[in-house]
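For reference, the structure is listed below as structure tokens.
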Amino acid sequence: KDIKYEKMLKEAGDADIVLFGESHDNPISHWLQLELTKDLYETIKDKLVLGAEMFETDNQVVLDEYLNGLISESSFESNARFWPNYKTDYKPLVLFAKENKLKFVATNVPRRYASMVNSKGFEGLETLSDEAKTFLPPLPVKYDAELNCYKSMMEMEGMGSHVTPNFPKAQAIKDATMAHFILKNWSKGKMLIHYPGSYHSENFESIYWYLKQANPDLKIVTIHTVSQAEISELTEENKGKADFTICVDEDMTKTR
């Protein structure tokens with residue numbers, strides 16, 4: 001059913017973790033992330049923590065240095081690995097965190113390690129140095145191949161023989177890493193809002209599943225973004241994927 005923004009804001013404000021699943025290239029999705037973050041801050045102030053898939057865990061130091069005013073914006077932007085739409089879609093969130101002295105968590109696995117899992121499985125991570133493992137969740141990583149988010153990847157059309165059992169594991173290491181660093185930076189009384197791609201939280205799987213495996217008592221609110229040609233009513237395939245769904249006209253401008 002249709003709900004007012006204020007209802008979503010209230011439920012998000014009562015949560016421990018909010019997973020705001022974005023369409024990476026959708027400006028409406030990013031704008032609402034910023035507005036929700038601002039409104040949550042008005043209520044809970046410095047109890048708010050931000051986190052994003054866009055930032056990989058080995059970028060935490062440079063992100064912290066920038067937020068704490070130790071390095072310039074140009075140094076930060078030349079040293080961190082950004083997606084093409086950083087300046088339009090993520091920079092406003094980073095600036096909001098900087099202006100209000102909020103923690104911003106780099107949660108995603110460094111892409112080189114996701115590639116390693118894709119080629120060698122989780123076992124490949126065991127060969128890394130102790131220092132490298134600090135950017136990962138504790139090993140070995142839990143994994144349920146029967147979760148639909150991973151099982152469906154093995155049945156993707158058009159992929160043919162390119163799909164190996166390691167392919168969904170490369171997504172799972174992202175989910176496991178994001179969940180681990182969300183929890184590492186959350187504590188009772190805090191509220192962490194995380195901005196992943198919609199895939200990583202839809203259907204109460206992926207990051208959500210890993211969070212609940214670690215702490216079943218967490219109150220998690222999920223927000224999901226979809227695009228449709230007709231937005232007056234959700235299509236059947238888009239129903240039930242999250243606590244709240246943002247439906248955007250598919251003709252909306254893309255930012256990537």
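In the structure tokens, chains take letters A, B, ... by order of appearance, with residues numbered from 1 within each chain and ligands from 1 in the order shown.
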Once you count only C-alpha atoms, what closest atom pair and distance in Å to one decimal does each residue of stretch 18-109 of chain A within 9 Å of stretch 211-234 of chain A have, with rows by chain and rising residue number, as CSV?
residue,atom,partner,partner_atom,distance
A:Val18,CA,A:Val221,CA,4.9
A:Leu19,CA,A:Thr222,CA,4.8
A:Phe20,CA,A:Ile223,CA,4.7
A:Gly21,CA,A:His224,CA,4.7
A:Glu22,CA,A:Thr225,CA,5.5
A:Ser23,CA,A:Thr225,CA,6.0
A:Asn26,CA,A:Thr225,CA,8.8
A:Ser29,CA,A:Thr225,CA,6.6
Name the residues in contact with A:Thr57 at a cut-off of 9 Å, using only C-alpha atoms, excluding same-chain residues fewer than 5 positions from it; report them as an mmCIF file with all heavy atoms, in the first residue's frame.
data_model
loop_
_atom_site.group_PDB
_atom_site.id
_atom_site.type_symbol
_atom_site.label_atom_id
_atom_site.label_comp_id
_atom_site.auth_asym_id
_atom_site.auth_seq_id
_atom_site.Cartn_x
_atom_site.Cartn_y
_atom_site.Cartn_z
ATOM 1 N N VAL A 105 31.446 4.880 7.217
ATOM 2 C CA VAL A 105 32.148 3.593 7.179
ATOM 3 C C VAL A 105 32.311 3.094 5.744
ATOM 4 O O VAL A 105 31.341 3.000 4.987
ATOM 5 C CB VAL A 105 31.394 2.529 7.998
ATOM 6 C CG1 VAL A 105 32.220 1.245 8.088
ATOM 7 C CG2 VAL A 105 31.060 3.055 9.395
ATOM 8 N N ALA A 106 33.539 2.770 5.395
ATOM 9 C CA ALA A 106 33.829 2.081 4.131
ATOM 10 C C ALA A 106 33.600 0.586 4.378
ATOM 11 O O ALA A 106 34.307 -0.022 5.166
ATOM 12 C CB ALA A 106 35.269 2.341 3.710
ATOM 13 N N THR A 107 32.603 0.003 3.747
ATOM 14 C CA THR A 107 32.180 -1.353 4.126
ATOM 15 C C THR A 107 32.477 -2.436 3.099
ATOM 16 O O THR A 107 32.523 -3.616 3.453
ATOM 17 C CB THR A 107 30.661 -1.393 4.385
ATOM 18 O OG1 THR A 107 29.971 -1.077 3.170
ATOM 19 C CG2 THR A 107 30.252 -0.426 5.480
ATOM 20 N N ASN A 108 32.675 -2.066 1.852
ATOM 21 C CA ASN A 108 32.727 -3.089 0.804
ATOM 22 C C ASN A 108 34.097 -3.758 0.714
ATOM 23 O O ASN A 108 35.124 -3.141 0.983
ATOM 24 C CB ASN A 108 32.370 -2.465 -0.540
ATOM 25 C CG ASN A 108 31.926 -3.495 -1.568
ATOM 26 O OD1 ASN A 108 31.735 -4.666 -1.249
ATOM 27 N ND2 ASN A 108 31.763 -3.048 -2.794
ATOM 28 N N VAL A 109 34.107 -5.002 0.297
ATOM 29 C CA VAL A 109 35.359 -5.733 0.143
ATOM 30 C C VAL A 109 36.197 -5.098 -0.971
ATOM 31 O O VAL A 109 35.642 -4.669 -1.998
ATOM 32 C CB VAL A 109 35.089 -7.222 -0.174
ATOM 33 C CG1 VAL A 109 34.506 -7.412 -1.567
ATOM 34 C CG2 VAL A 109 36.346 -8.067 -0.011
ATOM 35 N N PRO A 110 37.496 -4.953 -0.798
ATOM 36 C CA PRO A 110 38.323 -4.480 -1.912
ATOM 37 C C PRO A 110 38.097 -5.355 -3.151
ATOM 38 O O PRO A 110 38.085 -6.590 -3.048
ATOM 39 C CB PRO A 110 39.746 -4.618 -1.363
ATOM 40 C CG PRO A 110 39.587 -4.440 0.114
ATOM 41 C CD PRO A 110 38.291 -5.128 0.439
ATOM 42 N N THR A 134 42.646 -7.913 7.518
ATOM 43 C CA THR A 134 41.942 -6.909 8.322
ATOM 44 C C THR A 134 40.877 -6.187 7.500
ATOM 45 O O THR A 134 40.010 -5.524 8.072
ATOM 46 C CB THR A 134 42.918 -5.851 8.901
ATOM 47 O OG1 THR A 134 43.538 -5.121 7.822
ATOM 48 C CG2 THR A 134 43.982 -6.509 9.754
ATOM 49 N N PHE A 135 40.945 -6.316 6.177
ATOM 50 C CA PHE A 135 39.943 -5.687 5.317
ATOM 51 C C PHE A 135 38.774 -6.624 5.017
ATOM 52 O O PHE A 135 37.887 -6.277 4.227
ATOM 53 C CB PHE A 135 40.583 -5.250 3.991
ATOM 54 C CG PHE A 135 41.742 -4.312 4.167
ATOM 55 C CD1 PHE A 135 42.975 -4.589 3.580
ATOM 56 C CD2 PHE A 135 41.617 -3.163 4.930
ATOM 57 C CE1 PHE A 135 44.046 -3.721 3.739
ATOM 58 C CE2 PHE A 135 42.690 -2.289 5.096
ATOM 59 C CZ PHE A 135 43.907 -2.570 4.505
ATOM 60 N N LEU A 136 38.776 -7.781 5.655
ATOM 61 C CA LEU A 136 37.783 -8.827 5.394
ATOM 62 C C LEU A 136 37.039 -9.194 6.669
ATOM 63 O O LEU A 136 37.499 -8.902 7.772
ATOM 64 C CB LEU A 136 38.489 -10.074 4.852
ATOM 65 C CG LEU A 136 39.261 -9.953 3.543
ATOM 66 C CD1 LEU A 136 40.108 -11.201 3.323
ATOM 67 C CD2 LEU A 136 38.309 -9.738 2.372
ATOM 68 N N THR A 177 31.311 -8.974 3.977
ATOM 69 C CA THR A 177 32.202 -7.884 4.389
ATOM 70 C C THR A 177 31.403 -6.662 4.808
ATOM 71 O O THR A 177 31.677 -6.053 5.850
ATOM 72 C CB THR A 177 33.175 -7.516 3.245
ATOM 73 O OG1 THR A 177 33.886 -8.691 2.830
ATOM 74 C CG2 THR A 177 34.177 -6.466 3.700
ATOM 75 N N MET A 178 30.405 -6.310 4.018
ATOM 76 C CA MET A 178 29.594 -5.150 4.367
ATOM 77 C C MET A 178 28.888 -5.359 5.709
ATOM 78 O O MET A 178 28.868 -4.465 6.557
ATOM 79 C CB MET A 178 28.593 -4.832 3.245
ATOM 80 C CG MET A 178 29.264 -4.215 2.024
ATOM 81 S SD MET A 178 28.111 -3.580 0.762
ATOM 82 C CE MET A 178 27.817 -5.067 -0.197
ATOM 83 N N PHE A 181 31.470 -5.047 8.663
ATOM 84 C CA PHE A 181 31.928 -3.695 8.996
ATOM 85 C C PHE A 181 30.775 -2.781 9.429
ATOM 86 O O PHE A 181 31.007 -1.802 10.144
ATOM 87 C CB PHE A 181 32.752 -3.111 7.852
ATOM 88 C CG PHE A 181 34.136 -3.703 7.808
ATOM 89 C CD1 PHE A 181 34.412 -4.820 7.022
ATOM 90 C CD2 PHE A 181 35.141 -3.200 8.611
ATOM 91 C CE1 PHE A 181 35.673 -5.399 7.009
ATOM 92 C CE2 PHE A 181 36.412 -3.767 8.604
ATOM 93 C CZ PHE A 181 36.681 -4.875 7.814
#
How far is it from atom CA of A:Lys169 to atom CA of A:Ala145, in Å with one decimal?
8.3 Å
Show me, as JSON, numbers by chain, the residues that have an atom within 9 Å of A:Pro84 when counting only C-alpha atoms, minus same-chain residues fewer than 3 positions from it.
{"A": [87, 88, 255, 256]}
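Comparing A:Tyr66, A:Ala12, A:Lys47, A:Glu99 by their smallest distance to A:Gln33, the closest is A:Ala12 (using only C-alpha atoms).
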Name the closest residue to A:Leu192 among the candidates A:Thr253, A:Ser206, A:Thr37, A:Thr164; distances are taken between atoms, counting only C-alpha atoms.
A:Thr37
Neighbour list for stretch 68-75 of chain A as a PyMOL selection string, cut-off 10 Å, only C-alpha atoms, skip fewer than 2 positions in-chain:
chain A and resi 62-66+77-80+98-99+101-103
Residues at most 6 Å from A:His194, counting only C-alpha atoms, excluding those fewer than 2 positions away in the same chain, as number ranges by chain?
A: 19, 50-52
Could the residues in this selection be written to a file with C-alpha atoms, as an mmCIF file, in the first residue's frame?
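This is the output file result-v1.cif:
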data_model
loop_
_atom_site.group_PDB
_atom_site.id
_atom_site.type_symbol
_atom_site.label_atom_id
_atom_site.label_comp_id
_atom_site.auth_asym_id
_atom_site.auth_seq_id
_atom_site.Cartn_x
_atom_site.Cartn_y
_atom_site.Cartn_z
ATOM 1 C CA LEU A 19 19.656 -0.722 4.548
ATOM 2 C CA LEU A 50 26.776 6.322 7.743
ATOM 3 C CA GLY A 51 28.166 3.544 5.567
ATOM 4 C CA ALA A 52 28.276 2.725 1.858
#
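Among the candidates A:Met191, A:Leu32, A:Ile207, A:Leu48, the residue lying nearest to A:Pro92 is A:Leu32 (atoms considered: only C-alpha atoms).
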DSSP on the backbone, then: every residue of stretch 40-250 of chain A marked strand (DSSP E), written as a ChimeraX atom specification.
/A:48-56,104-108,191-195,220-228,244-249
Contacts of A:Arg112 within 12 Å, only C-alpha atoms, excl. fewer than 2 positions in-chain, as a ChimeraX atom specification
/A:56-58,108-110,114-120,124-125,128,132,135-136,170,173-174
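Pairwise distance (atom CA of A:Asp251, atom CA of A:Arg81) equals 29.0 Å.
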